[in-house]
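A short worksheet on the structure shown next.
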Number of protein chains: 4
Amino acid sequence: MKFNVSAQLEYNISSASTLVLNIHALRTPEQTVLQETFTVNPEVRIEELQNIGGENRSIRLEVPDACQLKVNYTALVNNSFVITNHRKIQETPVSQLTPEILPFLSPSRYCQSDKLYRLANHMFGDIDSPYAQVMALTNWIRTNVLYLSGSTNAQTSAYDTVTEQAGVCRDFAHLGIALCRALTIPARYFTGYAYKLKPADFHACFEAYLGNQWVLFDATGLAPLNGMVKIATGRDAADAAVASIFGNAYGTRMTINCEVAEDNFKSYFYPSGKFEGLSYL
Amino acid sequence: MKFNVSAQLEYNISSASTLVLNIHALRTPEQTVLQETFTVNPEVRIEELQNIGGENRSIRLEVPDACQLKVNYTALVNNSFVITNHRKIQETPVSQLTPEILPFLSPSRYCQSDKLYRLANHMFGDIDSPYAQVMALTNWIRTNVLYLSGSTNAQTSAYDTVTEQAGVCRDFAHLGIALCRALTIPARYFTGYAYKLKPADFHACFEAYLGNQWVLFDATGLAPLNGMVKIATGRDAADAAVASIFGNAYGTRMTINCEVAEDNFKSYFYPSGKFEGLSYL
Amino acid sequence: MKFNVSAQLEYNISSASTLVLNIHALRTPEQTVLQETFTVNPEVRIEELQNIGGENRSIRLEVPDACQLKVNYTALVNNSFVITNHRKIQETPVSQLTPEILPFLSPSRYCQSDKLYRLANHMFGDIDSPYAQVMALTNWIRTNVLYLSGSTNAQTSAYDTVTEQAGVCRDFAHLGIALCRALTIPARYFTGYAYKLKPADFHACFEAYLGNQWVLFDATGLAPLNGMVKIATGRDAADAAVASIFGNAYGTRMTINCEVAEDNFKSYFYPSGKFEGLSYL
Amino acid sequence: MKFNVSAQLEYNISSASTLVLNIHALRTPEQTVLQETFTVNPEVRIEELQNIGGENRSIRLEVPDACQLKVNYTALVNNSFVITNHRKIQETPVSQLTPEILPFLSPSRYCQSDKLYRLANHMFGDIDSPYAQVMALTNWIRTNVLYLSGSTNAQTSAYDTVTEQAGVCRDFAHLGIALCRALTIPARYFTGYAYKLKPADFHACFEAYLGNQWVLFDATGLAPLNGMVKIATGRDAADAAVASIFGNAYGTRMTINCEVAEDNFKSYFYPSGKFEGLSYL
């Protein structure tokens, strides 16, 4: 499916600063960036840092002086996904996970799975397949955590959200990841552009590693699973923040857009009880 | 310098479990493992996972049944280090750090640098060189945090330790890392065998990235800086835990040893005011 | 029912210290202390502080010098309780609670009910009577929180326990209190001697204010509800600690005992579905 | 000194709710309420709850239905204070504190002094008088904690603020209290109307118990110490919240005012090095 995505960001820069942005659509074998523009005003030194956290396309901006910085990104992206039936897929035991996957079992800044071990196992430990566990915990989050703009901040973590039960997409994703890891299911953070997300914004979801695939889950339920353009993945938001700012700078405006560039988009959410898993490749 | 190191670990395994151990001496251009034995009793499937978190030599054990597992590691290691004068070395600004180094500025599970930003800058922000900042924060930790066995656990993080001011080497290292990152100095966790550490145990320190080198700091001051055999590095203990256990298992005994294998060892600690930095290569 | 209770406590005192102990059986209209001995060795200045937190019998010891302090308390106590059927009792709305009761709706040090509001209401908000809510949350704690000696410490609070799901009687009580308050049910901490508690120790439970009575609940289920001799009540353990120590001192030994002094004790626990509530008067 | 104070509060009430307000000027031997008006629109049942937390004048409103509730309070108050020189005043040891004072040594919801013990003693333990300790910690807070509206919320506590170093008057007060208690100095929360506070708002300070008097400290330094009209005191904000809401209601507007009603007000702050302590009686 083809998507037109765009992001306009503005920053108030008070002195020489460095920004690392994660807003570019990822290039993967199955996600092709057909066209792309990236402009920064005023012009500053720009560098693409391809290998932070694997394949993400982090962009570093070196802003030499105080200014109002305007960043404009647009892309036409073509991507594809598969939907797999996980009903009969065997779990990969920890003893057979590849070394690249193992770190996604460890606790991280915003996903303190070590502190949720008993809770996760009390709630979901008796469910007999990892797919069904992830589906159950995703549904639990959707039912129990209130989506409430402004209720959390950049320091909020899964340990807070599991108890306080309010947050935004980032918090929903962190809690999903933490619960998965506490159940010994590798999980990672996923950010992207999301078609039909209202209000339009960057979106955050999570992927669980099931049947040797990264399967997408969105505890917010706010956007169709098949309408995402992947920006970055990582252990949690610390690896894939939209913007990491070093210096005296703060964001003042952000306008995000994601539209389909062809007809026939049909929203896809997981049908109940079907054990389907969608994976971007 | 040549060192003989050894570790005997025992685990009570109640059912099929997977363990990932970080106890092997690292192999680097300047740390050569001359001899090495690794035995596990009873015999189980063993696999070396070379690329978790970069170059660490993680070992995965697949234990099929309940048992008393005994692990025995010995090595003769030859390593070297350099001591650099950092008085006149320019800081590498964030805009010039390589992509491999940037993740060590991000907060992690046990090093919530994002929550210590104001504190770190109030305490050490006016100090005029990064080296002097790291030295000052290391001294602050040594002076203010009480080394107290048993006062903390595997969930304790820098955010706790900065206030509660008690802990063990792991906690000292996490706090050092978090303060460095809050000052925009890349820092990572370092585990190793440590000569003259009393009581003998695995040791944890931290490295700050100064002048394009990873420079070793030990806020505990319990072992000479030149008596370390490096096991692993990572963002924090989540990346470099001695043992990660998946299954019903717990440690029952641990005996660690580290001796010099040649004469003429002379303990080295940073001399006051000299701006010296020791780096293992 | 008559009970013989006793407590022997020993403290290592390194320098002049003040201790405040809550170990004396409370005197109430329905709990009579028939006989009582209290000796402290060496002899120190002792004062009974009757009005801290209401009616508790706190004892202050002024220890002038370093010593091994031995405290010995014994009492023969006669107390009584009522069992009330709460099925048809109307809830007292907040608008009619007396001023003495209202503070037990506020969050306190170990019972951060303000942080558990959504969680408590998601889990128990739909249950239609306060009695049934308290019974349900007590059962939830008993089922989900693991009683594990040594898993927590004097800083552990309900906010920790609701997620980490392990603790001792004090933690079970704090969590029960916090959940009650989050449901707008006044609740307080209760400490006492408990017959049949194994191993013998001071016990902590909680009381919920239902139908204008303080009704006892014990989420641990470790001792019969009718075998308690009340020592103190308060907002949480900060009000009713066994010992508050000001100075360089720490406990070295504690031996507690509680025996019935007459025949015919029959253990009472709440029968399922009967809406019974036991209140000490 | 005479003051005219006023508060207009508005609440959006969605269903039957109970509110407990702490906005009335306290009546004490030395604070006389000369005139007072209190109107609530629409009219609801109002009750003054005199003995919550001692002498506070909590007001309970029983709102039977959804409405826009407008509360209007005005008072003309005459109060007095003393200024005592604490240079030569002996500390009252814990062994001689009266039972009414002792609870103000215990940790409370927002003042976790138990977790700040080592920190407080490292920073201020060597200072040789309690007065000087409180002055030093007040100055430390003023220097290191950034006054930043909106940086904290109703759940923020001293344990957060000591590390994150940003907050509002309530957070400054909680941290002051927690540090005092960690130094074994009784301390309590103080709310009031404050002349010259910009922008006008309710103010929060703290009182330390020194030389058998409650001495006022304001770590924010935003208002003269002699321009306060006392509303309430308590262990922390849990005891003296402006409004405790039971039901579906939230505040929509708040206008506070405090003016002197006579001439010759001269702002008083503690002069450096004079050991002066101001106490409202």
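By order in the structure tokens, chains are A, B, ...; within a chain, residues start at 1; ligands start at 1, following the order shown.
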
query = as an MDAnalysis selection string, which residues of range 30-248 of chain A does DSSP assign to strand (DSSP E or B)?
reply = chainID A and resid 31:41 45:49 58:63 67:79 81:85 108 111 146:147 166:167 187:194 202:210 213:217 228:234 243:246

Report as CSV the residues of chain D within 6 Å of chain C, each with its shortest atom pair and distance in Å (one decimal), using only C-alpha atoms, ordered by chain and increasing residue number.
residue,atom,partner,partner_atom,distance
D:Thr18,CA,C:Ser95,CA,5.9
D:Leu49,CA,C:Pro99,CA,5.9
D:Ile52,CA,C:Pro99,CA,5.5
D:Ser95,CA,C:Thr18,CA,5.9
D:Pro99,CA,C:Ile52,CA,5.5
D:Ser108,CA,C:Arg109,CA,4.2
D:Arg109,CA,C:Arg109,CA,3.7

C-alpha atoms of the current selection, written as a short mmCIF file (atom, residue, chain, number, x, y, z; two decimals), in the first residue's frame:
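Final file, out-v7.cif:
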data_model
loop_
_atom_site.label_atom_id
_atom_site.label_comp_id
_atom_site.auth_asym_id
_atom_site.auth_seq_id
_atom_site.Cartn_x
_atom_site.Cartn_y
_atom_site.Cartn_z
CA THR D 18 -18.99 16.00 48.54
CA LEU D 49 -15.58 20.22 60.59
CA ILE D 52 -9.79 17.26 61.47
CA SER D 95 12.89 12.38 74.67
CA PRO D 99 3.04 13.55 72.30
CA SER D 108 3.90 11.02 55.54
CA ARG D 109 2.41 10.69 52.06
#

inquiry  = Using only C-alpha atoms, which protein or nucleic acid residues come within 8 Å of His203 in chain D? Drop anything in the same chain fewer than 3 positions from it, and give the result as a PyMOL selection string.
reply    = chain D and resi 169-170+191-194+197

Keeping only all heavy atoms, write those residues as a PDB file, in the first residue's frame.
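Final output, saved to again.pdb:
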ATOM      1  N   CYS D 169       5.105  25.746  45.131  1.00  0.00           N
ATOM      2  CA  CYS D 169       5.285  26.005  46.565  1.00  0.00           C
ATOM      3  C   CYS D 169       4.997  24.767  47.424  1.00  0.00           C
ATOM      4  O   CYS D 169       5.697  24.517  48.398  1.00  0.00           O
ATOM      5  CB  CYS D 169       4.439  27.193  47.027  1.00  0.00           C
ATOM      6  SG  CYS D 169       2.663  27.020  46.801  1.00  0.00           S
ATOM      7  N   ARG D 170       3.992  24.030  47.027  1.00  0.00           N
ATOM      8  CA  ARG D 170       3.666  22.794  47.733  1.00  0.00           C
ATOM      9  C   ARG D 170       4.848  21.822  47.742  1.00  0.00           C
ATOM     10  O   ARG D 170       5.155  21.189  48.761  1.00  0.00           O
ATOM     11  CB  ARG D 170       2.450  22.199  47.009  1.00  0.00           C
ATOM     12  CG  ARG D 170       2.160  20.772  47.249  1.00  0.00           C
ATOM     13  CD  ARG D 170       1.116  20.325  46.193  1.00  0.00           C
ATOM     14  NE  ARG D 170       1.024  18.896  46.154  1.00  0.00           N
ATOM     15  CZ  ARG D 170      -0.038  18.203  46.564  1.00  0.00           C
ATOM     16  NH1 ARG D 170      -1.097  18.811  47.006  1.00  0.00           N
ATOM     17  NH2 ARG D 170      -0.038  16.882  46.523  1.00  0.00           N
ATOM     18  N   THR D 191      -0.543  26.103  55.189  1.00  0.00           N
ATOM     19  CA  THR D 191      -1.121  26.795  54.030  1.00  0.00           C
ATOM     20  C   THR D 191      -1.742  28.093  54.484  1.00  0.00           C
ATOM     21  O   THR D 191      -2.223  28.213  55.621  1.00  0.00           O
ATOM     22  CB  THR D 191      -2.209  25.975  53.324  1.00  0.00           C
ATOM     23  OG1 THR D 191      -3.309  25.792  54.216  1.00  0.00           O
ATOM     24  CG2 THR D 191      -1.688  24.625  52.885  1.00  0.00           C
ATOM     25  N   GLY D 192      -1.746  29.057  53.580  1.00  0.00           N
ATOM     26  CA  GLY D 192      -2.311  30.339  53.950  1.00  0.00           C
ATOM     27  C   GLY D 192      -2.492  31.249  52.761  1.00  0.00           C
ATOM     28  O   GLY D 192      -2.134  30.925  51.632  1.00  0.00           O
ATOM     29  N   TYR D 193      -3.094  32.384  53.057  1.00  0.00           N
ATOM     30  CA  TYR D 193      -3.108  33.494  52.124  1.00  0.00           C
ATOM     31  C   TYR D 193      -1.793  34.226  52.321  1.00  0.00           C
ATOM     32  O   TYR D 193      -1.296  34.323  53.462  1.00  0.00           O
ATOM     33  CB  TYR D 193      -4.280  34.428  52.438  1.00  0.00           C
ATOM     34  CG  TYR D 193      -5.617  33.773  52.211  1.00  0.00           C
ATOM     35  CD1 TYR D 193      -6.267  33.087  53.237  1.00  0.00           C
ATOM     36  CD2 TYR D 193      -6.238  33.843  50.966  1.00  0.00           C
ATOM     37  CE1 TYR D 193      -7.492  32.480  53.032  1.00  0.00           C
ATOM     38  CE2 TYR D 193      -7.473  33.237  50.752  1.00  0.00           C
ATOM     39  CZ  TYR D 193      -8.095  32.558  51.789  1.00  0.00           C
ATOM     40  OH  TYR D 193      -9.304  31.959  51.569  1.00  0.00           O
ATOM     41  N   ALA D 194      -1.213  34.731  51.243  1.00  0.00           N
ATOM     42  CA  ALA D 194       0.108  35.366  51.351  1.00  0.00           C
ATOM     43  C   ALA D 194       0.097  36.699  50.619  1.00  0.00           C
ATOM     44  O   ALA D 194      -0.113  36.747  49.405  1.00  0.00           O
ATOM     45  CB  ALA D 194       1.189  34.451  50.772  1.00  0.00           C
ATOM     46  N   LEU D 197       2.289  37.745  47.166  1.00  0.00           N
ATOM     47  CA  LEU D 197       2.616  36.572  46.355  1.00  0.00           C
ATOM     48  C   LEU D 197       2.170  36.847  44.927  1.00  0.00           C
ATOM     49  O   LEU D 197       1.028  37.252  44.709  1.00  0.00           O
ATOM     50  CB  LEU D 197       1.895  35.337  46.921  1.00  0.00           C
ATOM     51  CG  LEU D 197       2.143  34.010  46.209  1.00  0.00           C
ATOM     52  CD1 LEU D 197       3.600  33.587  46.315  1.00  0.00           C
ATOM     53  CD2 LEU D 197       1.248  32.920  46.798  1.00  0.00           C
TER      54      LEU D 197
END

request  = From a DSSP pass on the backbone, collect the residues of range 141-260 of chain A flagged as alpha helix (DSSP H) and hand them back as a list of chain:residue names.
outcome  = A:Ile141, A:Arg142, A:Thr143, A:Asn144, A:Ala158, A:Tyr159, A:Asp160, A:Thr161, A:Val162, A:Thr163, A:Glu164, A:Cys169, A:Arg170, A:Asp171, A:Phe172, A:Ala173, A:His174, A:Leu175, A:Gly176, A:Ile177, A:Ala178, A:Leu179, A:Cys180, A:Arg181, A:Ala182, A:Ala237, A:Ala238, A:Asp239, A:Ala240

Keeping only C-alpha atoms, write those residues as a PDB file, in the first residue's frame.
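Full text of result_27.pdb as output:
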ATOM      1  CA  ILE A 141      -4.546  -2.440  28.490  1.00  0.00           C
ATOM      2  CA  ARG A 142      -7.193  -1.209  26.073  1.00  0.00           C
ATOM      3  CA  THR A 143      -9.942  -1.889  28.589  1.00  0.00           C
ATOM      4  CA  ASN A 144      -8.231  -0.597  31.707  1.00  0.00           C
ATOM      5  CA  ALA A 158       5.246   1.092  32.344  1.00  0.00           C
ATOM      6  CA  TYR A 159       5.658   0.747  36.105  1.00  0.00           C
ATOM      7  CA  ASP A 160       3.624   3.924  36.562  1.00  0.00           C
ATOM      8  CA  THR A 161       1.044   3.144  33.917  1.00  0.00           C
ATOM      9  CA  VAL A 162       0.179  -0.329  35.137  1.00  0.00           C
ATOM     10  CA  THR A 163      -1.045   1.227  38.380  1.00  0.00           C
ATOM     11  CA  GLU A 164      -2.183   4.706  37.406  1.00  0.00           C
ATOM     12  CA  CYS A 169       0.051   5.793  22.890  1.00  0.00           C
ATOM     13  CA  ARG A 170       3.632   5.750  24.074  1.00  0.00           C
ATOM     14  CA  ASP A 171       2.541   4.650  27.548  1.00  0.00           C
ATOM     15  CA  PHE A 172       0.223   1.988  26.151  1.00  0.00           C
ATOM     16  CA  ALA A 173       3.104   0.624  24.087  1.00  0.00           C
ATOM     17  CA  HIS A 174       5.554   0.636  26.992  1.00  0.00           C
ATOM     18  CA  LEU A 175       3.144  -1.262  29.185  1.00  0.00           C
ATOM     19  CA  GLY A 176       2.510  -3.826  26.452  1.00  0.00           C
ATOM     20  CA  ILE A 177       6.244  -4.336  26.015  1.00  0.00           C
ATOM     21  CA  ALA A 178       6.899  -4.669  29.734  1.00  0.00           C
ATOM     22  CA  LEU A 179       4.148  -7.237  30.194  1.00  0.00           C
ATOM     23  CA  CYS A 180       5.383  -9.271  27.225  1.00  0.00           C
ATOM     24  CA  ARG A 181       8.954  -9.347  28.524  1.00  0.00           C
ATOM     25  CA  ALA A 182       7.714 -10.300  31.985  1.00  0.00           C
ATOM     26  CA  ALA A 237      11.109   5.357  23.505  1.00  0.00           C
ATOM     27  CA  ALA A 238      14.681   5.982  24.665  1.00  0.00           C
ATOM     28  CA  ASP A 239      15.830   4.314  21.438  1.00  0.00           C
ATOM     29  CA  ALA A 240      13.279   5.817  19.104  1.00  0.00           C
TER      30      ALA A 240
END

request  = Quick one: everything within 10 Å of range 25-42 of chain C, counting only C-alpha atoms, minus sequence neighbours fewer than 3 positions away in the same chain. Send it as a ChimeraX atom specification.
outcome  = /C:1-10,22,45-46,55-58,61,63,67-81,191-193,229-233,280-281

query = Any idea what's packed within 7 Å of range 261-278 of chain C, counting only C-alpha atoms, ignoring anything in its chain fewer than 3 positions away? Could you give it as a ChimeraX atom specification?
reply = /C:2-4,81-87,215-216,224-226

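Put simply, CA of Asp126 in chain A is 15.1 Å away from CA of Glu91 in chain A.
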
task = Please measure the separation of CA of Leu21 in chain A and CA of Ala66 in chain A, giving the value in Å to one decimal.
result = 18.3 Å

key: range 248-251 of chain C environment, 6 Å, only C-alpha atoms, sequence neighbours closer than 4 positions dropped, as a ChimeraX atom specification   = /C:10-15
